[in-house]
Amino acid sequence: MSNPENLKIGLEIHLQLKGEKLFCRCSTELSEEVRGSVWRKLRTVSGEMGITDRAAVYEGERNRNFRYEITPNSCLVELDEEPPGRLNPRAMETALLVSLGLHSRIADAIQVMRKIVIDGSNTSGFQRTALISSGGFIESGSGRIGISSVCLEEDSARKVQDGPDSILYSLDRLGMPLLEIATDPDIKTPESAAEVARDIGFLAKEISMLRRGADSIRQDVNMSIGYGRVEIKGVSKISQILEVVRYEIARQIAIGKAVATLKSRIEGEYPPVSSRSLGNLRAISKSKKLADAQNSGMEIRGGKLPGLKGLLRSGDMRLGREIAEVLRAFGIGGMIHSDELPGYGLEQEDLQELSGFFACGADDAFFIIAMPKDRSRSPDGVITDRIRKMASLDLSETRGPTDAGETYFLRPLPGRERMYPETDLPIVVPDPAVIRKLGERTPVGMAKFVSNFANTNNISSQDASTIADKDLITEFGLLKDAAGDARLAVRILLQTIPEMSRKSRRQIDVQTVGELLTLGRNNGWPKYALENAVMVLFNTGRPPEEIAKMEDVKPITGEELRKTIDQLRKDGKVSGNNLIFVLRKSTSRPFDPSEAMSLVANLN
Amino acid sequence: MSNPENLKIGLEIHLQLKGEKLFCRCSTELSEEVRGSVWRKLRTVSGEMGITDRAAVYEGERNRNFRYEITPNSCLVELDEEPPGRLNPRAMETALLVSLGLHSRIADAIQVMRKIVIDGSNTSGFQRTALISSGGFIESGSGRIGISSVCLEEDSARKVQDGPDSILYSLDRLGMPLLEIATDPDIKTPESAAEVARDIGFLAKEISMLRRGADSIRQDVNMSIGYGRVEIKGVSKISQILEVVRYEIARQIAIGKAVATLKSRIEGEYPPVSSRSLGNLRAISKSKKLADAQNSGMEIRGGKLPGLKGLLRSGDMRLGREIAEVLRAFGIGGMIHSDELPGYGLEQEDLQELSGFFACGADDAFFIIAMPKDRSRSPDGVITDRIRKMASLDLSETRGPTDAGETYFLRPLPGRERMYPETDLPIVVPDPAVIRKLGERTPVGMAKFVSNFANTNNISSQDASTIADKDLITEFGLLKDAAGDARLAVRILLQTIPEMSRKSRRQIDVQTVGELLTLGRNNGWPKYALENAVMVLFNTGRPPEEIAKMEDVKPITGEELRKTIDQLRKDGKVSGNNLIFVLRKSTSRPFDPSEAMSLVANLN
Amino acid sequence: MTRSPEVGDRISVMYHDGEIQGIFLTEDQDFLFLKLDSGYNTGISKKRIEATKVLQGKKEEIENNEKVVVDRGKGISVLSTGGTISSRVDYATGGVKPSRKMDSLYSEEMSKVHDISVHFKVVSSILSENMSPDLWVSVAGEVRNALDRDKGVVVFHGTDTMSYTASAIAFMLEEQTGTVVFTGAQRSPDRPSSDSYVNIEGSIKFASIQSGEVGICMHSGLSDDSVNLLRAVRSRKMHSSRRDAFKSMEYPEIGLISSGKQVYFRQERKASERNVVRNRLEPAVGLIFFNPTLSPEDVDQFAENRKCIVIMGTGLGHVAQRLIPTLREIIRGGTRVVMSTQCISGIVDMNVYSTGRDLLDAGVLHFGNILPEVAYVKAMYVLANYPDDEFEIRMAENMRGEILGRNHEVGNLE
Amino acid sequence: MTRSPEVGDRISVMYHDGEIQGIFLTEDQDFLFLKLDSGYNTGISKKRIEATKVLQGKKEEIENNEKVVVDRGKGISVLSTGGTISSRVDYATGGVKPSRKMDSLYSEEMSKVHDISVHFKVVSSILSENMSPDLWVSVAGEVRNALDRDKGVVVFHGTDTMSYTASAIAFMLEEQTGTVVFTGAQRSPDRPSSDSYVNIEGSIKFASIQSGEVGICMHSGLSDDSVNLLRAVRSRKMHSSRRDAFKSMEYPEIGLISSGKQVYFRQERKASERNVVRNRLEPAVGLIFFNPTLSPEDVDQFAENRKCIVIMGTGLGHVAQRLIPTLREIIRGGTRVVMSTQCISGIVDMNVYSTGRDLLDAGVLHFGNILPEVAYVKAMYVLANYPDDEFEIRMAENMRGEILGRNHEVGNLE
């Protein structure tokens, strides 16, 4: 499928920064420990302009309770029990550097804002966010892409458990510094979107301030093909960007087709859907799914969907799914509709009985749902609103990605009114002198960085690119300093360590490897001995200072090597070109094979 | 046995006062609830004069820990966590009144003292006590007995559980006001001691401030027959005074006899006792008692007791018991001595083996004990000291009473150095004007009180004496006011209530009975109806206001009674003198039999 | 439009290399602040601005000013004095300020209390650090009027000095027909997480229980599931920011509401038949904190023109010996000196140490375990409403539960 | 004997209807006090006395003045400054007074510490309410000398101002080779139940662990089974009489000894190689408690001749608006004004409310969650030992653990 011509894609890249949190001194490192929990309610409140935000009202209507697990890296600030502390200066510096790298105009005065988010993912009911810079561009493989803004935000609480009436969050992630880089909707293809995401992410990698681990990079994808803006939140892998954009294009085109048919059947506004209880219908008891739901105290309701026959699920017509998604968001799972019947234990005759019951005409469909009896709100409005929205072909909303690369309804798009100033913090005025100084460290972008990096260290562009892409720049520097050799560092970093961790099933951090290399180098070991020592490190798991003292890791060279070979020869063990093999069997200490070979040659 | 001529007895009468505690506002009422506990150490400290008290040192050597149960009627004051509050004015008033009644000279300025008591019965390590008055006398049946002092003290903590290394106390009793009245050693007979105790106790009863319940009255008996002063602590019943004094006389005379024999056998200072381990002796394993102790990890030790054969236990010679008592106080229970053998599974041959082992001569005895292995201190010194004390015939010490009316060793007599000022409280200066005013309410003593009481209320001296003796003066007053008749009140108080509580197994307080009587009297019921209502109260257990409305308790009189009798006669049920019987069967309502009889007479 | 920009206008700001559009919010001497279309506020350095243009006039703010009265007859009066609980964002300073315009801030909470009428009245709108004895007197009058009309009263108040005001009301209300509940917020109500909502709901419930208590109702813990009622004269703000900042010192909470249900309400102080207010306070009372450099001159100056000073001494009620002659002079001059303890918990007892006895000898007074701030408020009340020679006896009297008789519930044993 | 009675004489007092014999203890203008043979003290009204006679001269007091030194080489220094822990009964006033004569008061405790020498020195004998900055300086010198000689130091101190002194020592000791432990008693050592014995034993144990801490060791609960070590600059006396009065505010205890065994000791501040003392303090620093009647004149007078005043404000650090102009003037005049909170716990943050911003604008400083009393002591230290223009930066620096970085351990969740 080719991409629609009017496809517009914009990205919001979110990058977690490491170190301390944005407004307190808690660490961004996680631990398993949980120190108790508290529970909270959130209430919809009027925004700055007196207008309550759509998305906020939507969440407020859901009326859920939130429980928060307290972790060692959370304090009274995350608990919303103390005003935020001053903005993390390291995070600010990173944001300024990235802004410089994106040619983005840094604000003269920065006001931290509160962005209302009442899905519970922030204990305060808002996310703190600050506009650091606006405008700018990045040169990507697909050309120059405009940057609309660079913001510094608090990350949200991590969802641990979801329930219809309450959600459990962990406070461990809440408050981590999140760099948000938004592009203009200049991107024309899904492939290009993935490329731009990768390029932007790299700018932060250059500064070596990126936190690693799950969730540390997330993208929001904004896109439109003319049916309004859809925002796909939280795409964690770059490859997934491709998938979700492709899926969304197909979805919207299909909706377009279905709506065309619907409009040919029903003129003007879509009529209100009206459901009724199906408690006594014979057909219900025939479906195990429905009967089970009824027995567990749910109410079975259903209603006619005028003009939707064949559009709910048939070929690429999938309006049924659109309706089911919003119902699920309201806590009503599992809609059955007539396009799926026969099925779910219901046979043709049941389909006819139900059609009759709902007085369906030839083009009409119907739906059946199970809902908790105590729900005061009828689902009819939700369904009617959803169909009317589809019919209007303004498909704008917030959607989420699935692991399969599809998308699903999350909530309406938030409005502009959701933000007001964080009153607990003073205005931040970046010092122009400081910015000038930071200019010297402006990130240069992937292509330039890799070529500089390769040249400076005298390593291949291929290796440089891999190191940069895998965000191993710091590690490389560390190993290079320890080993005293860039190529050995590359080898140990990209080959020895990954291979040995796989084999030994031991995770040993680069710091420790570096310590061992330093000890070895201080002992005057040659490269092959250093690499050998790293292998012993993984194989034994002993501390570096112990390994450095082990007899087995000391290289065997010169006179000692000559004597060993001589002895082997005298014992008649060395014959022709089995020298290296025999030597390896006779000593576990490392040696230089070429040195051994030349010694043999000299002895001969 | 006649009383020794040189018998001197002095009493210390301790009377708990009701209301609030002496130095805080906690109640003297008890409850079952325990609100946690704390544990404490106490340390021997130098007294006011720089000399540490003997009794205190003795307790200190025992090195025990103390745990205290916190009760609803204890606070930071009992816990020794807050300075004492001001001295309870009601308790002070009572002490002043009693002093007046005893013609005792009230101190011009009263200094609350701390009396060191480190057996743990006071969390502070001392008991607060104040000398209210000194001198005075009481006229008892045996003549005028001198009063040496009237003091106001804190009661001690109540022992809940005793152990060798720790003691559990309850704080419920600690701090209750305790009136201590000490007589001179003027009393010449045990009978007279009991009488004086009763007379003194009555002075407080007159003021109606005595607390009731277990422990509320305790006497210490000081006595001497020339062998030093023995103080018998905590004799709770007056009848027990007689018993313990008689026992103690017998004990001391017996010791005197035994010591005479001992002195004839051993001249000069008694030699030090020296014990040794008996672990391997065959005889030990033959005694189940000793073998069991050994198996449970105890060490079996024994030693020779020169010259004590036949004096340990034989006829009225009981020195063995004297030794065993001090050992028990040191945590070593169950001494076996040669006067008890054969016995405890040991036969004549074992006795001989042991005698041989200890190298006993003809007059020598021996002892065997089991003691915990970790005891650092040898028992030899304790035993030697005890025998030397007996031999000196200075038997002065503190002893306790048993339920059987005997006495046992508690601790050495405390010395004078045990007191120093309670520095947390100011001096109390009784106001002479207040004392003059109190003079109008001076208690007059039992005999005078009873005769006044009988006259004022127009009741028999016998009843007045019973009411006074049983401490029912307040209750009598209450019932008299309620019933409007003193004799009816006496009858209900001394007959109806005790009888009905026994029959109905219901405890109903006098307050409630009074309420019912008041209700009945307001209804104009005659006496027999009031008494009947009290019986119904006990039989039904219903509240007074309900009983007052019951049909059954309303008296049947006059015209109504006449009609009832008339009807019974018409029915041929009344014949001659069965009237009362028949009437009682026909109605459960009360009536006046004499009224019924006279009605019948009139009808006839 | 060519007029100069006013707050609320949509404007365009031109500078040498670009233009920014947004709603004009505020300016200070260096910056002009705009709200951008993205919702972000940003500041533009005035030095860089070449021109500004008004694009569109100010939008009228959407008024939503319904009166918060749910009338079902005799009910609860809610009196708002100000504080965070009745605050709105102040766009000028970026701070939060109490407002007289309560809008529909709490209509939801009011309507949740289904079975009772709620009568709302704004009596002042100040931050509680600006509260003063004359304002306490006027609050007392409002409370009395409200009690005459309604079953109980809820008072919205800033948390900073809430214990002072609530204690003053407790003393001035000599008799009361219903419960008076002070409540506030540690998080302002513009936040979805504000504690005010749960506090208000709980306060109305407590106020509808008839009693003779004046209490403070706030969160009892960090969760939004329970609020408690503390006796005003035993309460104190013990944390600057936590929602469970208020603690009842050495005295159990009076009532507890958990998960929306009343767990208990200890009926110790009963309601009266009528409402009696002694609405006079003597403001010439001061509170001073002893510390190692406090000098005789400090104390002397502080006592000047005051009828009573309350000292927060150390431990059981001590100050340095060097201050004692001055205190003696001050007392001779007719100023009462009352000792309290900066330990906050525990009794003042000046008989234990020689310093204490010297202070007693100098005429310094002490009243058991009354809290320092409460002693200070009570002195204002006693001086204004009782004959001068009754000062000591009235102060020693346990009027509203402020002096713990059986003090010292043992509490935490660890 | 016919001489007039002296304290300690056995005398006979005659009056019209009797005679009393006893040891003459003391007299005041109205009464003469005797100790009777029964041990009781009693007072006799002088008006009633007709004659007195000395029966026997004063008994010499039994001296038991062995020097409390258990010498096994380098060990622990015990410095006694006074306070209840080193007090004896004062028969004159009936009170308790610190003594220079320690007798064998604590010989048993000292000897229980089997494996370490204990060197005892009396450096002063005052009640701690009389402690002052000049005495802190001399204690600092004694502590430094003791650390040069021994492994660790225990300081006996009155509990009333122990946190102030211990904080001052913590600041003045820039480097230290061993642990310094302050300890005291809430019950005087004349009582068998005195907490001093257990506190001393625990303090010596803590002092023998090498660290860079200056701490306070007292009971951790009401039982005699455990004592803890609290960081001096986070500790506060929170109860006037309980033996567990000292609490570490929003910071965990450093060490715990329970049932005689060390349960833990968190090694956060390590020992240095040498001892460095900056033994200067600026005494012209004051601490003032804001309350609703505090007037601009009060503040103005208090600030006079002071280089710095620390205000205990309300909540997040507020005072009434009426005081702000005065504070601005004071600051213009060169006096530093530091804000702290009378809530004691929680942070000072003056950005949240408009009052706070106005205070910041006036030049009032604030330093997170440092305790008010500790801010006051630290200001004395900083003013005396650093250049004037470093005041703000030094005060903001976390020097001895007094400012909690990751503050606010969540603590009690209820």
# chains A, B, ... in the order shown; residues from 1 in each chain; ligands from 1
>>> select_by_dssp(residues="region 64-158 of chain A", states="alpha helix (DSSP H)", output="list in words")
Pro89, Arg90, Ala91, Met92, Glu93, Thr94, Ala95, Leu96, Leu97, Val98, Ser99, Leu100 and Gly101 of chain A
>>> residues_around(residues="Ala329 (chain B)", least_positions_apart="2", cutoff="8 Å", atoms="only C-alpha atoms", output="ChimeraX atom specification")
/B:325-327,331-332,409-411
>>> residues_around(residues="region 355-363 of chain C", least_positions_apart="4", cutoff="9 Å", atoms="only C-alpha atoms", output="list in words")
Leu316, Gly317, His318, Val319, Ala320, Gln321, Ile324, Pro325, Leu327, Arg328, Glu329, Ile331, Arg332, Arg336, Val337, Asp349, Met350 and Asn351 of chain C; Thr93, Gly95, Leu127 and Glu129 of chain D
>>> residues_around(residues="Leu341 (chain B)", least_positions_apart="5", cutoff="10 Å", atoms="only C-alpha atoms", output="list in words")
Ile336, Leu346, Glu347, Gln348, Asp350, Leu351 and Gln352 of chain B
>>> write_last_selection(atoms="all heavy atoms", output="PDB file, in the first residue's frame")
ATOM      1  N   ILE B 336      17.266 -29.763 101.068  1.00  0.00           N
ATOM      2  CA  ILE B 336      17.052 -31.008 101.819  1.00  0.00           C
ATOM      3  C   ILE B 336      18.126 -31.046 102.901  1.00  0.00           C
ATOM      4  O   ILE B 336      19.290 -30.709 102.640  1.00  0.00           O
ATOM      5  CB  ILE B 336      17.203 -32.218 100.887  1.00  0.00           C
ATOM      6  CG1 ILE B 336      16.089 -32.208  99.830  1.00  0.00           C
ATOM      7  CG2 ILE B 336      17.204 -33.528 101.672  1.00  0.00           C
ATOM      8  CD1 ILE B 336      16.221 -33.316  98.794  1.00  0.00           C
ATOM      9  N   LEU B 346      15.654 -41.035  99.589  1.00  0.00           N
ATOM     10  CA  LEU B 346      16.949 -41.428 100.151  1.00  0.00           C
ATOM     11  C   LEU B 346      16.701 -42.293 101.390  1.00  0.00           C
ATOM     12  O   LEU B 346      15.859 -41.949 102.242  1.00  0.00           O
ATOM     13  CB  LEU B 346      17.772 -40.185 100.526  1.00  0.00           C
ATOM     14  CG  LEU B 346      18.085 -39.239  99.368  1.00  0.00           C
ATOM     15  CD1 LEU B 346      18.868 -38.028  99.864  1.00  0.00           C
ATOM     16  CD2 LEU B 346      18.865 -39.967  98.277  1.00  0.00           C
ATOM     17  N   GLU B 347      17.450 -43.373 101.456  1.00  0.00           N
ATOM     18  CA  GLU B 347      17.228 -44.296 102.566  1.00  0.00           C
ATOM     19  C   GLU B 347      18.334 -44.148 103.613  1.00  0.00           C
ATOM     20  O   GLU B 347      19.247 -43.337 103.460  1.00  0.00           O
ATOM     21  CB  GLU B 347      17.165 -45.732 102.017  1.00  0.00           C
ATOM     22  CG  GLU B 347      15.889 -45.935 101.189  1.00  0.00           C
ATOM     23  CD  GLU B 347      15.987 -47.156 100.278  1.00  0.00           C
ATOM     24  OE1 GLU B 347      16.360 -48.229 100.782  1.00  0.00           O
ATOM     25  OE2 GLU B 347      15.722 -46.993  99.055  1.00  0.00           O
ATOM     26  N   GLN B 348      18.210 -44.945 104.641  1.00  0.00           N
ATOM     27  CA  GLN B 348      19.151 -44.870 105.755  1.00  0.00           C
ATOM     28  C   GLN B 348      20.596 -45.004 105.266  1.00  0.00           C
ATOM     29  O   GLN B 348      21.478 -44.250 105.665  1.00  0.00           O
ATOM     30  CB  GLN B 348      18.833 -45.977 106.795  1.00  0.00           C
ATOM     31  CG  GLN B 348      19.635 -45.869 108.074  1.00  0.00           C
ATOM     32  CD  GLN B 348      19.370 -44.534 108.801  1.00  0.00           C
ATOM     33  OE1 GLN B 348      18.252 -44.020 108.791  1.00  0.00           O
ATOM     34  NE2 GLN B 348      20.409 -43.938 109.392  1.00  0.00           N
ATOM     35  N   ASP B 350      21.818 -44.240 102.415  1.00  0.00           N
ATOM     36  CA  ASP B 350      22.226 -43.028 101.698  1.00  0.00           C
ATOM     37  C   ASP B 350      22.607 -41.944 102.699  1.00  0.00           C
ATOM     38  O   ASP B 350      23.576 -41.212 102.529  1.00  0.00           O
ATOM     39  CB  ASP B 350      21.099 -42.525 100.794  1.00  0.00           C
ATOM     40  CG  ASP B 350      20.643 -43.607  99.825  1.00  0.00           C
ATOM     41  OD1 ASP B 350      21.531 -44.269  99.232  1.00  0.00           O
ATOM     42  OD2 ASP B 350      19.422 -43.790  99.669  1.00  0.00           O
ATOM     43  N   LEU B 351      21.787 -41.860 103.743  1.00  0.00           N
ATOM     44  CA  LEU B 351      22.063 -40.901 104.808  1.00  0.00           C
ATOM     45  C   LEU B 351      23.470 -41.132 105.366  1.00  0.00           C
ATOM     46  O   LEU B 351      24.265 -40.201 105.531  1.00  0.00           O
ATOM     47  CB  LEU B 351      20.999 -41.065 105.903  1.00  0.00           C
ATOM     48  CG  LEU B 351      21.169 -40.277 107.200  1.00  0.00           C
ATOM     49  CD1 LEU B 351      21.242 -38.776 106.924  1.00  0.00           C
ATOM     50  CD2 LEU B 351      19.991 -40.547 108.139  1.00  0.00           C
ATOM     51  N   GLN B 352      23.781 -42.398 105.561  1.00  0.00           N
ATOM     52  CA  GLN B 352      25.097 -42.725 106.102  1.00  0.00           C
ATOM     53  C   GLN B 352      26.206 -42.412 105.114  1.00  0.00           C
ATOM     54  O   GLN B 352      27.239 -41.846 105.453  1.00  0.00           O
ATOM     55  CB  GLN B 352      25.145 -44.196 106.537  1.00  0.00           C
ATOM     56  CG  GLN B 352      24.554 -44.355 107.944  1.00  0.00           C
ATOM     57  CD  GLN B 352      24.096 -45.768 108.245  1.00  0.00           C
ATOM     58  OE1 GLN B 352      24.350 -46.698 107.477  1.00  0.00           O
ATOM     59  NE2 GLN B 352      23.417 -45.930 109.371  1.00  0.00           N
TER      60      GLN B 352
END
>>> interface_residues(of="chain D", to="chain B", cutoff="6 Å", atoms="only C-alpha atoms", output="CSV table (one decimal) with C-alpha atoms, in the first residue's frame")
chain,number,residue,atom,x,y,z
D,39,GLY,CA,13.9,9.3,108.4
D,41,ASN,CA,11.8,15.4,107.3
D,42,THR,CA,9.4,17.7,109.0
D,43,GLY,CA,9.1,21.5,109.4
D,44,ILE,CA,8.6,23.3,112.6
D,45,SER,CA,7.1,26.7,112.7
D,94,GLY,CA,14.9,20.9,97.8
D,95,GLY,CA,15.8,21.1,94.1
D,192,PRO,CA,17.1,4.2,91.4
D,193,SER,CA,15.1,4.6,88.2
D,223,SER,CA,11.8,1.0,78.5
D,224,ASP,CA,15.3,0.7,79.8
D,241,SER,CA,9.8,14.9,80.9
D,242,ARG,CA,9.7,11.5,79.1
>>> select_by_dssp(residues="region 125-274 of chain B", states="strand (DSSP E)", output="PyMOL selection string")
chain B and resi 126-134+137-140+143-154+158-162+166-170+177-183+217-224+230-235
>>> interface_residues(of="chain C", to="chain D", cutoff="7 Å", atoms="only C-alpha atoms", output="PyMOL selection string")
chain C and resi 93+95-97+129-132+160+221-222+237-241+283+286-289+291-294+298+302+314-316+318-321+343-347+352-354+413-414
>>> atom_distance(atom1="CA of Arg542 (chain B)", atom2="CA of Gln507 (chain B)")
12.3 Å
>>> residues_around(residues="Asp37 (chain D)", least_positions_apart="2", cutoff="9 Å", atoms="only C-alpha atoms", output="PyMOL selection string")
(chain B and resi 416) or (chain D and resi 21-23+35+39-40)
>>> write_last_selection(atoms="C-alpha atoms", output="short mmCIF file (atom, residue, chain, number, x, y, z; two decimals), in the first residue's frame")
data_model
loop_
_atom_site.label_atom_id
_atom_site.label_comp_id
_atom_site.auth_asym_id
_atom_site.auth_seq_id
_atom_site.Cartn_x
_atom_site.Cartn_y
_atom_site.Cartn_z
CA ARG B 416 16.98 4.88 108.61
CA GLN D 21 14.75 15.65 118.18
CA GLY D 22 16.36 15.27 114.81
CA ILE D 23 19.09 16.36 112.49
CA LYS D 35 15.23 14.91 109.81
CA GLY D 39 13.87 9.26 108.38
CA TYR D 40 11.05 11.73 107.70
#
>>> residues_around(residues="region 238-248 of chain A", least_positions_apart="3", cutoff="10 Å", atoms="only C-alpha atoms", output="VMD selection string")
chain A and resid 1 to 3 7 9 11 189 to 198 217 to 225 230 232 234 to 235 251 to 254 399 to 408
>>> atom_distance(atom1="CA of Gly215 (chain D)", atom2="CA of Leu230 (chain D)")
5.2 Å
>>> residues_around(residues="Glu32 (chain B)", least_positions_apart="2", cutoff="9 Å", atoms="only C-alpha atoms", output="short mmCIF file (atom, residue, chain, number, x, y, z; two decimals) with C-alpha atoms, in the first residue's frame")
data_model
loop_
_atom_site.label_atom_id
_atom_site.label_comp_id
_atom_site.auth_asym_id
_atom_site.auth_seq_id
_atom_site.Cartn_x
_atom_site.Cartn_y
_atom_site.Cartn_z
CA LEU B 30 -9.43 -0.86 88.59
CA VAL B 34 -3.78 -3.71 79.93
CA THR B 71 -3.48 0.12 82.86
CA PRO B 72 -6.19 2.67 82.03
#
>>> atom_distance(atom1="CA of Leu22 (chain A)", atom2="CA of Glu69 (chain A)")
19.2 Å
